[in-house]
Every structure is written in structure tokens, then in C-alpha cells.
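The structure appears below as C-alpha cells.
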Amino acid sequence: MPGQFLRRGFHTLVLFLILLLYVRCKDDKVEATSADLPFRAALQAMIDKGVLLQKYTKGAEYYVFHFETGEISVPVSNVRDIKESPELWSTQITFTDHQSIAIPSKGDKLDFIVKDIVLDPSGYNPLAAMVDVLLPAAGRIKVIVKGKSGEQGTITHLLQAQTPRQQIPVFGLYANFNNKVELVFTDKDGLERGRTSISIQTKPLDISSFPAFEIITAQRVRMEPGLNLVSYPGESELDTSCPYMLDADGEIRWILLLKKSPDLQSLGASIGLKRLKNGNFLSGDMYQNRIVELDMFGKLVRQWDLKKLGYTFHHEVSEAKNGNFLVTVTKSSARLNNGKPRINDHIIELNPSSGNLVNEWDLVSMLDSSRYDKGDENTPPPFAQTPTNWAHNNSITERGNDLLATLRYQGITSFNPSHKLKWIISPHKGWGANYQSYLLQPVDKQGQPITDSRIISGEVAHPDFDWPWGPHTPVVMPNGNILVFDNGYNRHFKPNDLSSDESYSRVVEYAVDEGKKTVQQVWAYGQNRGRRTFSQALSGVQYLSQTGNILFCPGMGTVTNKGYGGHIIEIDGKTKEVIYELEISSPSYTAFHRVTRLPMYPDNL
């Protein structure tokens with residue numbers, strides 16, 4: 001009996017173990033057909049990375065799914081059904097456990113991705129639109145705004161966003177035109193997957209008394225890519241600024257009608273808009289004494305009140321290498337020894353994150369504020385030099401670790417952040433004894449000293465050299481040289497005759513040897529143009545980095561074929577030949593404060 005019980009117990013144990021093994025095998029089979037198998041995770045990883053399925057093939061034992069960046073094999077025994085929807089760029093796989101997965105796949109047309117088109121979403125940028133798209137997978141969109149005459153005038157930009165749902169900014173539309181825009185769906189590296197086309201009809205621009213444009217010369221293949229951002233002050237200096245962009249054909253492709261803006265309807269942008277590292281625009285507002293940041297649609301992003309810091313704005317604000325703002329200002333409390341206010345002779349560094357003042361430079365502490373010449377009859381009193389307006393600092397930039405400023409009445413000067421004066425490019429006449437060691441000595445093209453005292457003092461020019469007169473917009477070139485707009489204001493201390501070709505403005509490049517304390521004129525352009533490109537004030541120059549070309553833009557009161565205004569002149573950096581020139585005839589005397597060549601879209605958008 002005990003043996004029988006033992007045998008029966010043993011048999012029972014064996015049966016229990018067999019049953020347990022069966023159950024575990026059954027559980028393993030369920031797990032093997034669940035959604036957690038490696039191939040399912042691999043498929044999901046492809047979806048998460050935004051990789052498209054190109055095709056699939058079926059073998060005896062496996063389906064092979066061919067993606068843009070690899071292949072995944074799935075046992076045929078695990079697949080119940082595969083449904084392709086090329087019109088939706090989707091392939092749905094249903095597994096034998098009845099679970100499904102939708103895989104973004106290379107399809108046919110992409111028209112279905114466009115959900116909405118809104119023209120002029122801000123209400124004051126009528127040549128811009130926002131397009132709402134829902135992509136079949138994560139990826140990027142390249143916007144192509146077709147030119148009226150094919151490739152000429154076409155604007156292309158690959159956007160940075162990679163999410164399936166995107167708001168696509170479209171810039172560069174023509175006014176009063178049925179614009180053709182292509183939206184190209186790409187992978188994260190910009191490789192095309194497909195495209196669709198949309199049409200955006202715009203209205204005529206709602207503006208009156210606007211400048212007229214005439215192309216004089218256009219060798220487009222030699223030009224720097226991009227558009228010309230024109231900082232138009234409006235119908236007068238008291239009007240609301242109206243910045244716009246022109247293409248090489250003289251077509252307006254972007255404009256801000258800020259009189260319609262609730263926040264910027266009285267913006268006096270002075271030198272106009274500058275593009276920040278974040279892609280937005282920066283400007284100073286001389287009417288409300290603030291610094292403003294705008295997006296591409298013209299919406300106010302941020303603003304900084306200068307009056308609260310004790311200053312008023314004039315002329316220039318720029319973004320420094322450290323991200324702070326350099327601003328030319330008038331300090332409200334600054335006074336002359338006689339108690340009268342002094343203006344346009346302070347520079348501040350502003351931290352945009354905190355709004356706090358980082359540094360202040362008082363030009364009186366570095367330069368000779370007693371050096372001034374009598375005003376001339378051709379200069380309106382508000383712009384003439386006086387003891388109050390002795391410097392008229394109109395621009396500030398960086399040169400290495402130092403600062404570089406242009407002063408309408410004092411020339412070009414460099415100083416370090418610790419308020420130490422380094423050098424001055426200016427006619428030597430009138431400078432006090434304490435400043436003589438800072439005045440750079442002119443040399444000719446061979447590098448030999450120019451010793452004629454009349455040239456050094458500024459009474460006459462040398463064939464190889466002349467001083468800057470009323471300069472604007474110092475630009476530091478890659479070789480360290482300085483490019484500047486030499487307005488020619490009171491050249492050689494003689495009042496300008498606005499009807500004479502003896503009055504002229506120049507773009508000029510100077511080479512400074514800080515060790516030898518010398519300045520050499522490398523080249524210049526403008527004297528032979530005479531009165532036609534003479535601008536007594538405002539204006540600017542730009543070094544164009546892709547081609548090495550130079551932009552020379554006199555903007556106030558120049559002679560045009562249709563009246564007066566300004567010129568946009570692009571000069572070949574090597575041959576010094578004019579390869580592009582456009583005249584802007586303005587209803588007012590001023591065509592622009594500055595012109596800047598730049599791409600329509602910022603790189604980081």
C-alpha cells in the first residue's frame with residue numbers, strides 16, 4: 001500500500017509538472033504574439049523618429065519593411081492584414097492578436113496636409129501668410145515662393161521645425177498677385193519626400209505717397225543673395241516708420257504697415273531694423289524712447305523703456321557679441337559747464353534679459369567736447385553742430401574686444417570697455433593738446449607718411465587719402481579694416497553746396513595700424529558720382545560676406561531720374577565695378593536711413 005501511494009503521488013507530481021509546463025508554454029506563445037515583441041518596438045521607433053516606410057516585400061517566412069534608413073523583418077505568422085493608403089501616406093499593419101499600428105509611408109499627393117491659410121495674420125504685414133499643415137510624419141517643410149519670372153525672384157527657405165503639426169510662415173509674396181507657393185515635405189536633413197502647391201492671392205498695397213523704384217544696372221549673377229531691407233521713415237521724419245524689403249527686380253516682397261499696429265503705430269525707427277541672433281528684429285524708437293523687438297510679422301515681442309533708466313534714444317541700437325544691446329543715447333541729466341543740456345554723446349550697454357544697465361560711456365570723458373566748428377547755412381539748426389550737440393554720435397559697433405563709434409562732427413574713434421580711448425580718425429584741426437597722441441597719422445598707398453600739414457589738418461585731400469566727414473555706419477571687415485560711409489558733410493570745413501558736384505559722399509575702407517598709430521585709405525568710391533549720390537546725413541555701407549561685395553547706400557536727398565531720394569549700389573569687392581544700382585525716388589527728401597542686404601528668412605526659423 002505505501003508503495004502504491006508513492007507511485008500515485010509520483011504520477012500526480014509528473015502530471016502537475018506537465019500541466020505547469022503547458023501553461024507556461026501557452027503564456028509564452030501569447031507573449032510572443034503580443035505588441036511587445038522586438039519588431040513592434042522597432043517599428044514604433046521608426047515612427048517616433050519620423051522615418052517613412054518606402055515599401056514592403058513578402059517572403060516565405062517574413063515581411064520585410066523597407067524604411068528610409070533601414071529595414072525591419074516581421075514574421076508572416078504574426079501579421080493578420082496590411083492595408084495601404086497612399087493618398088494619406090499611411091500603411092496599417094494588423095497583427096494576429098488584433099492590435100494595429102499605422103506607419104507613415106511614402107504616398108502620392110500631399111494636398112491633404114494643408115489645413116488652413118491665413119493671409120496677413122498680424123494685420124499689418126500684407127505680403128505674409130501663415131499656413132497650417134498636418135504632416136503624415138515628423139519632418140521639415142521647405143517654403144518656395146515662386147518668382148514672377150521663374151527662378152529670378154524665387155524665395156526658398158527650409159524651416160527648422162520637425163513636428164507633424166506646424167504653422168508655416170510664408171514671406172516674400174508679391175502684392176496684388178496670385179502667388180504660387182510650393183511646400184516641400186522633407187526629412188530632418190532636408191531631403192525631399194514630396195510636395196504640394198498652394199495659391200495665395202494678395203491685394204494691392206494700401207499705401208499712398210510711396211517711393212518709386214528704377215533699376216539702373218543689374219548683373220544679378222554677380223550680386224549677393226538676399227533682399228534689400230529699406231528703413232523708410234515714412235513721408236517725413238515725423239511719420240511712422242514703414243520698413244520694407246525689395247528684391248533685385250525692384251519688387252516689394254515684405255512690408256510693415258505699422259500705422260495699423262496697436263503697439264507700434266507711431267514707431268520712429270531711426271536707423272531702422274536690425275536682425276537679432278534669434279531671428280527677430282531690433283529697433284530703437286526715437287518717439288517713445290524705447291528699444292523694441294519685433295517678429296517677422298511685425299508683432300511686438302518685447303520692449304525696454306530707456307526713460308526709466310534716465311536716457312532718451314537716438315540713432316543706433318545693435319546686439320553685441322555677448323547678447324547685450326549697445327545703444328546710442330542722450331543722458332537726460334547730462335549738462336555742459338554752463339548748465340545747458342548736452343545731447344547725443346552717451347552710449348550704454350543694456351542687458352535685455354534683466355533690463356538693467358551694464359555699462360555707460362560718456363564721450364565727454366574721452367574726447368574733446370570743446371572742438372566744434374560753426375554751423376553752415378545748408379544744415380537745419382537741429383542738425384547743425386553746437387556746443388550742446390558737439391559730437392552727434394550716430395553709430396556704435398564692436399571691433400574685437402573694443403568699441404568703434406562714428407561721430408558726425410568728430411570722426412571715427414575706438415575705445416575699450418574700460419573707457420580708455422585708443423585712437424581717433426579725424427582731421428587734426430581743432431583737437432586740443434591732450435588728444436594729439438590719439439590722432440592717427442595718414443599714410444599714402446605705399447605706406448609712406450603724408451606730411452603736408454594742410455592734408456593732416458583736413459583743409460585739402462591727398463590723391464591717396466581723405467578724412468571721413470560726417471561719417472556713418474562703421475563696419476569691421478574680416479581683415480580688420482574699417483568700412484565707413486563718408487557723407488562728405490562740410491568736407492574740408494567748407495559748407496556743402498547742394499547743387500554742386502563738388503559735394504559728394506563716399507564708401508571708404510581704412511586700414512589702421514594701432515602699433516604705428518597710422519591710417520591708410522585702401523580704396524574709395526563715390527567722388528566721381530558727385531552730387532548724384534551725395535547724402536549730407538543718414539545712409540550706410542555694408543560688407544557682403546558671401547561675395548565680398550560692398551553695398552553703398554546714400555539715402556537722403558540724392559539726385560534720381562525722377563527727383564530726389566536714395567541709391568542702392570552694389571560694388572564688386574575685387575574689381576570695384578558697380579554691378580547693381582537701384583534708385584529710390586521719395587515723396588519726401590529722405591528715401592531711407594539705412595539699407596541692409598539680408599535673406600528673407602532668418603536662419604533659425
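In the C-alpha cells, the first chain shown is A, the next is B, and so on; residue numbers restart at 1 for each chain, and ligands run from 1 in the order shown.
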
Produce a table with one row for each residue of range 368-470 of chain A that has an atom at most 9 Å from any atom of range 304-320 of chain A, each row naming the nearest atom pair and its distance in Å at one decimal; use only C-alpha atoms; arrange rows by chain and rising residue number; format as CSV.
residue,atom,partner,partner_atom,distance
A:Asn393,CA,A:His315,CA,8.1
A:Asn394,CA,A:His315,CA,5.4
A:Ser395,CA,A:Glu316,CA,5.4
A:Ile396,CA,A:Glu316,CA,6.9
A:Thr397,CA,A:Ser318,CA,7.3
A:Glu398,CA,A:Ala320,CA,7.2

Legend entry - Gly172 in chain A environment, 7 Å, only C-alpha atoms, sequence neighbours closer than 6 positions dropped, as a VMD selection string: chain A and resid 127 to 128 145 155 253 to 254

Take the residues from that selection and put them in a file with all heavy atoms, as a PDB file, in the first residue's frame.
ATOM      1  N   LEU A 127       2.004  91.119 -47.077  1.00  0.00           N
ATOM      2  CA  LEU A 127       2.707  90.232 -48.005  1.00  0.00           C
ATOM      3  C   LEU A 127       3.246  89.000 -47.289  1.00  0.00           C
ATOM      4  O   LEU A 127       4.248  88.414 -47.692  1.00  0.00           O
ATOM      5  CB  LEU A 127       3.839  90.998 -48.698  1.00  0.00           C
ATOM      6  CG  LEU A 127       3.417  92.266 -49.443  1.00  0.00           C
ATOM      7  CD1 LEU A 127       4.591  92.881 -50.183  1.00  0.00           C
ATOM      8  CD2 LEU A 127       2.270  91.982 -50.412  1.00  0.00           C
ATOM      9  N   ALA A 128       2.562  88.615 -46.215  1.00  0.00           N
ATOM     10  CA  ALA A 128       2.935  87.430 -45.447  1.00  0.00           C
ATOM     11  C   ALA A 128       1.692  86.605 -45.159  1.00  0.00           C
ATOM     12  O   ALA A 128       0.575  87.123 -45.145  1.00  0.00           O
ATOM     13  CB  ALA A 128       3.615  87.827 -44.136  1.00  0.00           C
ATOM     14  N   VAL A 145       8.501  80.345 -52.558  1.00  0.00           N
ATOM     15  CA  VAL A 145       7.618  81.360 -53.130  1.00  0.00           C
ATOM     16  C   VAL A 145       8.135  81.644 -54.525  1.00  0.00           C
ATOM     17  O   VAL A 145       9.232  82.179 -54.692  1.00  0.00           O
ATOM     18  CB  VAL A 145       7.598  82.639 -52.276  1.00  0.00           C
ATOM     19  CG1 VAL A 145       6.652  83.669 -52.888  1.00  0.00           C
ATOM     20  CG2 VAL A 145       7.178  82.323 -50.847  1.00  0.00           C
ATOM     21  N   ILE A 155      11.952  82.811 -53.816  1.00  0.00           N
ATOM     22  CA  ILE A 155      12.469  82.812 -52.449  1.00  0.00           C
ATOM     23  C   ILE A 155      12.277  81.409 -51.873  1.00  0.00           C
ATOM     24  O   ILE A 155      11.165  80.877 -51.887  1.00  0.00           O
ATOM     25  CB  ILE A 155      11.749  83.859 -51.590  1.00  0.00           C
ATOM     26  CG1 ILE A 155      12.084  85.271 -52.096  1.00  0.00           C
ATOM     27  CG2 ILE A 155      12.117  83.716 -50.118  1.00  0.00           C
ATOM     28  CD1 ILE A 155      11.286  86.365 -51.432  1.00  0.00           C
ATOM     29  N   ARG A 253       8.570  92.865 -51.485  1.00  0.00           N
ATOM     30  CA  ARG A 253       8.249  91.481 -51.128  1.00  0.00           C
ATOM     31  C   ARG A 253       7.918  91.318 -49.639  1.00  0.00           C
ATOM     32  O   ARG A 253       7.566  90.212 -49.205  1.00  0.00           O
ATOM     33  CB  ARG A 253       9.426  90.558 -51.478  1.00  0.00           C
ATOM     34  CG  ARG A 253       9.909  90.657 -52.920  1.00  0.00           C
ATOM     35  CD  ARG A 253       8.869  90.179 -53.927  1.00  0.00           C
ATOM     36  NE  ARG A 253       8.565  88.790 -53.758  1.00  0.00           N
ATOM     37  CZ  ARG A 253       9.274  87.796 -54.316  1.00  0.00           C
ATOM     38  NH1 ARG A 253      10.345  88.069 -55.054  1.00  0.00           N
ATOM     39  NH2 ARG A 253       8.912  86.538 -54.139  1.00  0.00           N
ATOM     40  N   TRP A 254       8.032  92.395 -48.891  1.00  0.00           N
ATOM     41  CA  TRP A 254       7.758  92.351 -47.443  1.00  0.00           C
ATOM     42  C   TRP A 254       7.626  93.792 -46.990  1.00  0.00           C
ATOM     43  O   TRP A 254       8.399  94.649 -47.411  1.00  0.00           O
ATOM     44  CB  TRP A 254       8.898  91.657 -46.722  1.00  0.00           C
ATOM     45  CG  TRP A 254       8.794  91.517 -45.232  1.00  0.00           C
ATOM     46  CD1 TRP A 254       8.259  90.466 -44.535  1.00  0.00           C
ATOM     47  CD2 TRP A 254       9.269  92.445 -44.240  1.00  0.00           C
ATOM     48  NE1 TRP A 254       8.380  90.687 -43.179  1.00  0.00           N
ATOM     49  CE2 TRP A 254       8.991  91.902 -42.972  1.00  0.00           C
ATOM     50  CE3 TRP A 254       9.898  93.678 -44.302  1.00  0.00           C
ATOM     51  CZ2 TRP A 254       9.324  92.542 -41.781  1.00  0.00           C
ATOM     52  CZ3 TRP A 254      10.236  94.338 -43.126  1.00  0.00           C
ATOM     53  CH2 TRP A 254       9.948  93.766 -41.882  1.00  0.00           C
TER      54      TRP A 254
END

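In terms of minimum interatomic distance to Gly432 in chain A, A:Leu367 ranks closest within A:Ile291, A:Leu367, A:Leu403, A:Leu135, counting only C-alpha atoms.
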
Hey, which bits of range 295-359 of chain A sit within 12 Å of range 404-419 of chain A, and for each residue what's the closest pair of atoms and how far apart in Å (one decimal), counting only C-alpha atoms, rows by chain and increasing number, as a tab-separated table?
residue	atom	partner	partner_atom	distance
A:His315	CA	A:Leu407	CA	11.2
A:Glu316	CA	A:Ala405	CA	10.4
A:Ala320	CA	A:Leu404	CA	12.0
A:Leu326	CA	A:Ala405	CA	10.9
A:Val327	CA	A:Ala405	CA	11.1
A:Thr328	CA	A:Ala405	CA	9.5
A:Asn344	CA	A:Leu407	CA	9.3
A:Asp345	CA	A:Leu407	CA	8.9
A:His346	CA	A:Ala405	CA	11.0
A:Ile347	CA	A:Ala405	CA	9.5
A:Ile348	CA	A:Pro417	CA	10.7
A:Glu349	CA	A:Pro417	CA	9.9
A:Val358	CA	A:Pro417	CA	10.8
A:Asn359	CA	A:Pro417	CA	8.2

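Proximity to Phe185 in chain A was assessed for A:Asp111, A:Glu509, A:Glu570, A:Asp603 counting only C-alpha atoms; the smallest distance is recorded for A:Asp111.
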
Inset, instruction - Within range 89-309 of chain A, find each residue whose DSSP state, derived from the backbone, is strand (DSSP E), and express the selection as a PyMOL selection string. - result: chain A and resi 90-95+100-104+114-119+128-134+140-147+150-158+165-171+178-186+192-201+212-218+227-230+244-246+252-255+274-275+281-285+290-294+300-305

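CA of Pro75 in chain A is positioned 17.6 Å from CA of Ala102 in chain A.
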
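Minimum distance to Asp402 in chain A across A:Tyr543, A:Leu421, A:Val364, A:Ser236 (counting only C-alpha atoms) occurs at A:Leu421.
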
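Every protein, DNA or RNA residue with an atom at most 12 Å from Ser261 in chain A, where only C-alpha atoms count and chain neighbours fewer than 6 positions away do not, is listed here: Ser122, Gly123, Tyr124, Asn125, Thr240, Ser241, Cys242, Leu267, Leu294, Phe297, Gly298, Lys299 and Leu300 of chain A.
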
Could you turn the residues from that selection into a file that holds C-alpha atoms, as a short mmCIF file (atom, residue, chain, number, x, y, z; two decimals), in the first residue's frame?
data_model
loop_
_atom_site.label_atom_id
_atom_site.label_comp_id
_atom_site.auth_asym_id
_atom_site.auth_seq_id
_atom_site.Cartn_x
_atom_site.Cartn_y
_atom_site.Cartn_z
CA SER A 122 -0.80 90.21 -37.80
CA GLY A 123 -2.98 92.69 -39.70
CA TYR A 124 -0.08 94.87 -40.85
CA ASN A 125 2.14 92.61 -42.96
CA THR A 240 5.53 106.27 -38.63
CA SER A 241 8.39 104.17 -39.95
CA CYS A 242 7.49 101.85 -42.81
CA LEU A 267 7.25 103.97 -34.24
CA LEU A 294 9.56 92.64 -33.43
CA PHE A 297 5.08 89.59 -38.92
CA GLY A 298 5.68 92.91 -37.18
CA LYS A 299 4.29 91.93 -33.81
CA LEU A 300 5.86 93.49 -30.74
#

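Nearest residue to Phe592 in chain A among A:Tyr580, A:Tyr564, A:Trp523, A:Phe67 is A:Tyr564, counting only C-alpha atoms.
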